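This is work08.tsv (TSV, C-alpha atoms and all ligand atoms).
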chain	number	residue	atom	x	y	z
A	474	MET	CA	-22.96	-4.22	16.78
A	475	GLU	CA	-19.22	-4.36	17.40
A	476	ILE	CA	-19.39	-8.11	18.10
A	477	ILE	CA	-21.26	-8.73	14.83
A	478	TRP	CA	-18.57	-6.91	12.85
A	479	THR	CA	-15.86	-8.85	14.70
A	480	ILE	CA	-17.50	-12.16	13.74
A	481	TYR	CA	-17.96	-10.85	10.21
A	482	PHE	CA	-14.24	-10.06	9.89
A	483	PHE	CA	-13.37	-13.46	11.37
A	484	ILE	CA	-15.46	-15.27	8.74
A	485	ILE	CA	-14.10	-13.09	5.91
A	486	GLY	CA	-10.64	-13.89	7.31
A	487	ILE	CA	-11.04	-17.69	7.20
A	488	VAL	CA	-12.47	-17.52	3.67
A	489	PHE	CA	-9.55	-15.35	2.51
A	490	GLY	CA	-7.17	-17.55	4.50
A	491	SER	CA	-8.22	-20.56	2.46
A	492	PHE	CA	-7.67	-18.53	-0.73
A	493	PHE	CA	-4.19	-17.47	0.52
A	494	ASN	CA	-3.29	-21.15	1.03
A	495	VAL	CA	-4.08	-21.80	-2.60
A	496	VAL	CA	-2.16	-18.71	-3.80
A	497	GLY	CA	0.81	-19.70	-1.63
A	498	LEU	CA	0.84	-23.27	-2.92
A	499	ARG	CA	0.59	-22.18	-6.56
A	500	THR	CA	3.45	-19.75	-6.23
A	501	LYS	CA	5.60	-21.88	-8.53
A	502	LYS	CA	2.95	-21.95	-11.23
A	503	GLU	CA	2.78	-19.51	-14.13
A	504	LYS	CA	-0.27	-17.59	-12.99
A	505	LEU	CA	-0.63	-16.82	-9.29
A	506	PHE	CA	-4.37	-16.19	-9.36
A	507	GLU	CA	-5.35	-18.55	-12.18
A	508	GLN	CA	-8.80	-20.10	-12.23
A	509	GLN	CA	-8.47	-23.74	-11.30
A	510	ARG	CA	-10.45	-25.96	-8.98
A	511	SER	CA	-8.57	-27.11	-5.89
A	512	PHE	CA	-7.59	-30.77	-5.76
A	513	CYS	CA	-6.09	-33.26	-3.31
A	514	PRO	CA	-2.29	-33.17	-3.73
A	515	HIS	CA	-2.10	-36.95	-3.23
A	516	CYS	CA	-4.82	-38.43	-5.46
A	517	ARG	CA	-5.59	-35.30	-7.58
A	518	HIS	CA	-9.30	-35.71	-6.86
A	519	THR	CA	-11.04	-32.35	-7.49
A	520	LEU	CA	-12.51	-31.03	-4.26
A	521	SER	CA	-16.29	-30.58	-4.12
A	522	ALA	CA	-17.97	-27.59	-2.50
A	523	ARG	CA	-18.43	-29.39	0.84
A	524	GLU	CA	-14.72	-30.24	0.93
A	525	LEU	CA	-13.80	-26.59	0.43
A	526	VAL	CA	-15.39	-25.08	3.56
A	527	PRO	CA	-12.49	-23.53	5.50
A	528	ILE	CA	-11.56	-25.24	8.80
A	529	PHE	CA	-14.84	-27.22	9.00
A	530	SER	CA	-14.07	-29.54	6.08
A	531	TYR	CA	-10.76	-30.37	7.73
A	532	LEU	CA	-12.42	-31.09	11.10
A	533	PHE	CA	-15.27	-33.18	9.63
A	534	GLN	CA	-12.88	-35.20	7.48
A	535	LYS	CA	-10.59	-35.63	10.52
A	536	GLY	CA	-7.67	-34.20	8.57
A	537	LYS	CA	-7.87	-36.78	5.76
A	538	CYS	CA	-8.79	-36.70	2.07
A	539	ARG	CA	-12.29	-38.23	1.61
A	540	HIS	CA	-11.08	-40.27	-1.34
A	541	CYS	CA	-7.55	-41.51	-0.75
A	542	LYS	CA	-7.65	-41.11	3.07
A	543	LYS	CA	-4.19	-39.56	3.03
A	544	ARG	CA	-3.45	-36.93	5.67
A	545	ILE	CA	-3.96	-33.27	4.83
A	546	SER	CA	-1.36	-30.94	6.37
A	547	PRO	CA	-2.71	-29.14	9.47
A	548	LEU	CA	-0.88	-26.08	8.10
A	549	TYR	CA	-3.91	-25.19	5.93
A	550	PRO	CA	-6.70	-25.08	8.54
A	551	THR	CA	-4.25	-23.41	10.92
A	552	MET	CA	-3.55	-20.67	8.36
A	553	GLU	CA	-7.29	-20.20	7.82
A	554	PHE	CA	-7.95	-19.90	11.54
A	555	VAL	CA	-5.02	-17.52	12.12
A	556	THR	CA	-6.11	-15.31	9.20
A	557	GLY	CA	-9.63	-15.18	10.70
A	558	CYS	CA	-8.26	-14.18	14.11
A	559	LEU	CA	-5.95	-11.53	12.64
A	560	PHE	CA	-8.71	-10.02	10.46
A	561	ALA	CA	-11.04	-9.87	13.49
A	562	TYR	CA	-8.30	-8.43	15.68
A	563	SER	CA	-7.39	-5.80	13.06
A	564	TYR	CA	-11.00	-4.59	13.15
A	565	THR	CA	-11.27	-4.49	16.98
A	566	HIS	CA	-7.85	-2.82	17.23
A	567	LEU	CA	-8.42	-0.14	14.58
A	568	GLY	CA	-12.16	0.17	13.90
A	569	PHE	CA	-13.38	1.51	10.55
A	570	ARG	CA	-10.46	3.66	9.48
A	571	MET	CA	-8.30	3.83	6.37
A	572	GLU	CA	-5.58	2.11	8.41
A	573	LEU	CA	-7.79	-1.00	8.66
A	574	LEU	CA	-7.21	-1.54	4.94
A	575	THR	CA	-3.44	-1.40	5.50
A	576	ALA	CA	-3.74	-3.91	8.35
A	577	LEU	CA	-5.87	-6.34	6.31
A	578	LEU	CA	-3.53	-6.13	3.32
A	579	MET	CA	-0.52	-6.63	5.58
A	580	VAL	CA	-2.08	-9.74	7.16
A	581	SER	CA	-2.98	-11.03	3.67
A	582	MET	CA	0.57	-10.61	2.37
A	583	PHE	CA	2.00	-12.24	5.50
A	584	MET	CA	-0.30	-15.27	5.30
A	585	ILE	CA	0.61	-15.95	1.64
A	586	LEU	CA	4.32	-15.59	2.45
A	587	MET	CA	3.97	-17.85	5.49
A	588	VAL	CA	2.77	-20.66	3.19
A	589	THR	CA	5.43	-20.05	0.49
A	590	ASP	CA	8.26	-19.81	3.03
A	591	LEU	CA	7.23	-22.87	5.08
A	592	LYS	CA	6.45	-24.93	1.99
A	593	TYR	CA	9.17	-23.86	-0.48
A	594	MET	CA	11.52	-21.65	1.62
A	595	LEU	CA	10.69	-18.88	-0.81
A	596	ILE	CA	9.53	-15.27	-0.57
A	597	PRO	CA	8.38	-14.72	-4.16
A	598	ASN	CA	9.00	-11.37	-5.80
A	599	ARG	CA	5.60	-11.33	-7.42
A	600	VAL	CA	3.80	-11.51	-4.09
A	601	LEU	CA	5.88	-8.56	-2.80
A	602	LEU	CA	5.42	-6.67	-6.07
A	603	PHE	CA	1.66	-7.19	-5.92
A	604	PHE	CA	1.39	-5.64	-2.43
A	605	LEU	CA	4.17	-3.01	-2.54
A	606	PRO	CA	2.32	-0.40	-4.67
A	607	LEU	CA	-0.77	-0.75	-2.45
A	608	PHE	CA	1.25	0.02	0.70
A	609	VAL	CA	3.03	2.92	-1.00
A	610	VAL	CA	-0.30	4.50	-1.99
A	611	LEU	CA	-1.83	3.86	1.46
A	612	ARG	CA	1.18	5.39	3.24
A	613	ILE	CA	0.94	8.49	1.00
A	614	ILE	CA	-2.78	8.86	1.77
A	615	GLU	CA	-2.42	7.92	5.45
A	616	PRO	CA	1.15	8.75	6.62
A	617	LEU	CA	2.48	7.68	10.00
A	618	ASP	CA	3.52	10.23	12.67
A	619	SER	CA	5.71	12.02	10.16
A	620	TRP	CA	5.61	11.88	6.35
A	621	TRP	CA	9.16	10.53	6.06
A	622	SER	CA	8.71	7.69	8.58
A	623	PRO	CA	7.52	5.00	6.09
A	624	TRP	CA	10.24	5.80	3.53
A	625	VAL	CA	13.08	5.87	6.06
A	626	GLY	CA	11.57	2.71	7.56
A	627	GLY	CA	11.61	0.99	4.17
A	628	PHE	CA	15.21	2.02	3.51
A	629	VAL	CA	16.41	0.97	6.98
A	630	GLY	CA	14.54	-2.37	6.85
A	631	PHE	CA	16.08	-3.23	3.47
A	632	SER	CA	19.56	-2.07	4.55
A	633	ILE	CA	19.75	-3.98	7.85
A	634	ILE	CA	19.11	-7.32	6.14
A	635	ALA	CA	21.42	-6.38	3.24
A	636	LEU	CA	24.16	-5.76	5.81
A	637	ILE	CA	23.49	-9.12	7.52
A	638	ILE	CA	23.63	-10.92	4.18
A	639	LEU	CA	26.99	-9.26	3.41
A	640	LEU	CA	28.44	-10.01	6.84
A	641	SER	CA	27.11	-13.54	7.38
A	642	ARG	CA	27.09	-14.85	3.79
A	643	GLY	CA	23.86	-16.76	4.20
A	644	GLY	CA	21.40	-17.20	7.01
A	645	MET	CA	19.10	-14.67	5.42
A	646	GLY	CA	18.15	-14.42	1.79
A	647	ALA	CA	17.35	-11.69	-0.72
A	648	GLY	CA	13.66	-12.46	-0.18
A	649	ASP	CA	13.93	-11.59	3.52
A	650	MET	CA	15.70	-8.34	2.57
A	651	LYS	CA	12.99	-7.22	0.13
A	652	LEU	CA	10.24	-8.28	2.55
A	653	PHE	CA	11.80	-6.21	5.34
A	654	GLY	CA	11.89	-3.22	3.00
A	655	VAL	CA	8.12	-3.53	2.45
A	656	ILE	CA	7.57	-4.02	6.20
A	657	GLY	CA	9.59	-0.86	6.87
A	658	ILE	CA	7.14	1.12	4.73
A	659	ILE	CA	4.19	-0.31	6.69
A	660	LEU	CA	5.70	0.13	10.18
A	661	GLY	CA	7.82	3.22	9.59
A	662	PHE	CA	10.93	4.31	11.44
A	663	PRO	CA	11.92	3.59	14.23
A	664	ASN	CA	9.32	0.78	14.63
A	665	VAL	CA	11.02	-1.23	11.86
A	666	LEU	CA	13.94	-1.67	14.29
A	667	LEU	CA	11.56	-3.04	16.92
A	668	ALA	CA	10.23	-5.52	14.34
A	669	PHE	CA	13.82	-6.55	13.59
A	670	PHE	CA	14.43	-7.15	17.31
A	671	PHE	CA	11.26	-9.26	17.72
A	672	ALA	CA	11.98	-11.17	14.49
A	673	ASN	CA	15.36	-12.23	15.87
A	674	LEU	CA	13.87	-13.13	19.24
A	675	VAL	CA	11.17	-15.29	17.62
A	676	GLY	CA	13.69	-16.78	15.18
A	677	LEU	CA	15.99	-17.70	18.02
A	678	LEU	CA	13.15	-19.27	20.03
A	679	TYR	CA	11.89	-21.52	17.24
A	680	SER	CA	15.26	-22.43	15.77
A	681	MET	CA	16.74	-23.44	19.16
A	682	PRO	CA	15.13	-26.92	19.31
A	683	LEU	CA	15.94	-27.47	15.61
A	684	ILE	CA	19.57	-26.49	16.10
A	685	ILE	CA	19.99	-28.57	19.26
A	686	GLY	CA	18.20	-31.55	17.70
A	687	SER	CA	20.16	-31.44	14.44
A	688	LYS	CA	23.69	-32.76	14.04
A	689	LYS	CA	24.37	-30.20	11.36
A	690	GLY	CA	23.86	-27.49	13.99
A	691	TRP	CA	23.74	-23.92	12.66
A	692	LYS	CA	24.26	-25.08	9.09
A	693	LYS	CA	20.69	-26.34	8.85
A	694	ALA	CA	18.58	-23.81	7.01
A	695	VAL	CA	15.58	-22.57	8.95
A	696	PRO	CA	13.13	-20.28	7.13
A	697	PHE	CA	13.42	-16.84	8.70
A	698	GLY	CA	10.24	-15.53	7.03
A	699	PRO	CA	7.84	-16.73	9.78
A	700	ALA	CA	10.00	-14.98	12.42
A	701	ILE	CA	9.94	-11.74	10.41
A	702	ILE	CA	6.18	-12.04	10.01
A	703	ILE	CA	5.48	-12.76	13.71
A	704	GLY	CA	7.92	-10.03	14.82
A	705	SER	CA	6.24	-7.50	12.51
A	706	LEU	CA	2.72	-8.42	13.67
A	707	ILE	CA	3.77	-7.98	17.33
A	708	THR	CA	5.27	-4.58	16.46
A	709	TYR	CA	2.30	-3.45	14.37
A	710	PHE	CA	-0.34	-4.30	16.99
A	711	PHE	CA	1.54	-3.95	20.29
A	712	GLY	CA	4.69	-1.94	19.48
A	713	GLU	CA	3.62	1.38	20.99
A	714	GLY	CA	2.30	-0.23	24.18
A	715	LEU	CA	5.39	-2.41	24.63
A	716	LEU	CA	7.75	0.55	24.18
A	717	ALA	CA	5.80	2.64	26.69
A	718	TRP	CA	5.84	-0.26	29.18
A	719	TYR	CA	9.56	-0.81	28.64
A	720	PHE	CA	10.50	2.81	29.26
A	721	GLU	CA	8.33	2.93	32.37
A	722	LEU	CA	10.56	0.26	33.91
A	723	PHE	CA	13.45	2.71	34.12
A	801	ZN	ZN	-6.82	-37.57	-1.94
Since I need it in another form, could you write the structure as C-alpha cells?
Amino acid sequence: MEIIWTIYFFIIGIVFGSFFNVVGLRTKKEKLFEQQRSFCPHCRHTLSARELVPIFSYLFQKGKCRHCKKRISPLYPTMEFVTGCLFAYSYTHLGFRMELLTALLMVSMFMILMVTDLKYMLIPNRVLLFFLPLFVVLRIIEPLDSWWSPWVGGFVGFSIIALIILLSRGGMGAGDMKLFGVIGIILGFPNVLLAFFFANLVGLLYSMPLIIGSKKGWKKAVPFGPAIIIGSLITYFFGEGLLAWYFELF
C-alpha cells in the first residue's frame, strides 16, 4: 500500500508542479491565480489538453512547441519532475501526519519561488504572504521540539540576512531576507542556522563556475534563492541525521 501512496504523491506532485510553473511565470501579472489557458510564449498558440500533460508532453514533443517548433525551456518539465519527487519523498519520510501538510506546502512555495527567482530574479511578496499565515497556523498546531523554536527561528533567519545586506550592500536582496524569515518558522531554531550554512555551501558551488567564467567576477548577480531553497530542503529532510553524524565524528 505504501508504494501506491508514494506513486500517488508523485503524480499529484507533477500535476501541481506544472501549476506552480504557471503561477511562477505569471508572477508579474495582476492576478496570481487568474483563470487563463496556458499558451506558447513564442507563438501565443493556446495549448490543447494533450500539450498540457506534465513531463510527457515535453518528452513527446521533444522539447519543442508543436506549432512554431521553437524550443521550450527544460526548466518546466524539470520543475514538474522535481516537485513529483519531493511530494513522494515527503510522504515516505513523514507518513500521514499533520507535518506532511507543512512539508507539501513548503515544497510548493519553494517550487514557485524557484521559477520566479530563476526567471525574473524575484522573490515576490505575494507568494510569501500567501504561504506565511499557513505556516504560522501549522506551527501553532504542530510545534517543533519547543514552542518558541519556530518564532526564534523566524527572527534569526530574517536577522542574519538583514545583517548581510547591511554589511555587504548587495549580494542578497530583501526577498531573500523575508524568505529566510518564513523558512526559520518552518525549520525552527537552531536548524535555521544549518539551512543558512547549506545555502551558502550550495550558493558557492553553483556560483563558482559562473564567477570564474565571467569577466565581471563577483559583480555578476547570481540568484541566491535556489541556494536557499536547496539548503533548506537538505536541512528539513536530513538535518537531524547530518548533525548526529557530524557530532559522532568527534
Ligand atoms: Zn509556439
Could the residues that lie within 12 Å of ligand ZN 801 (chain A), counting only C-alpha atoms and all ligand atoms, be listed as a ChimeraX atom specification? /A:511-521,524,534,536-546
Grab the atom CA of A:Asn494 to atom CA of A:Glu572 distance for me, in Å with one decimal place.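 About the pair atom CA of A:Asn494 and atom CA of A:Glu572: they are 24.5 Å apart.
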Excluding A:Leu601 and its own-chain neighbours fewer than 3 positions away, which residues fall within 10 Å of it when counting all atoms listed in the file? Please give them as an MDAnalysis selection string. chainID A and resid 582:583 586 596:598 604:606 648 651:652 654:655
Interatomic distance between atom CA of A:Phe720 and atom CA of A:Asn664? 14.8 Å
Could you check which of A:Ile487, A:Leu611, A:Leu498, A:Leu591 is closest to A:Thr556, using all atoms listed in the file? A:Ile487
For stretch 703-715 of chain A: contacts at 9 Å, only C-alpha atoms, fewer than 2 positions along chain excluded, given as a PyMOL selection string: chain A and resi 563+566+576+579-580+583+656+659-660+664-665+667-676+698-701+717-720
Got a sec: who's within 10 Å of A:Gly568, counting all atoms listed in the file, leaving out chain neighbours fewer than 6 positions off, as a PyMOL selection string? chain A and resi 475+478-479+562
Enter the distance from atom CA of A:Met650 to atom CA of A:Ile634, in Å, rounded to one decimal.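 Atom CA of A:Ile634 lies at a distance of 5.0 Å from atom CA of A:Met650.
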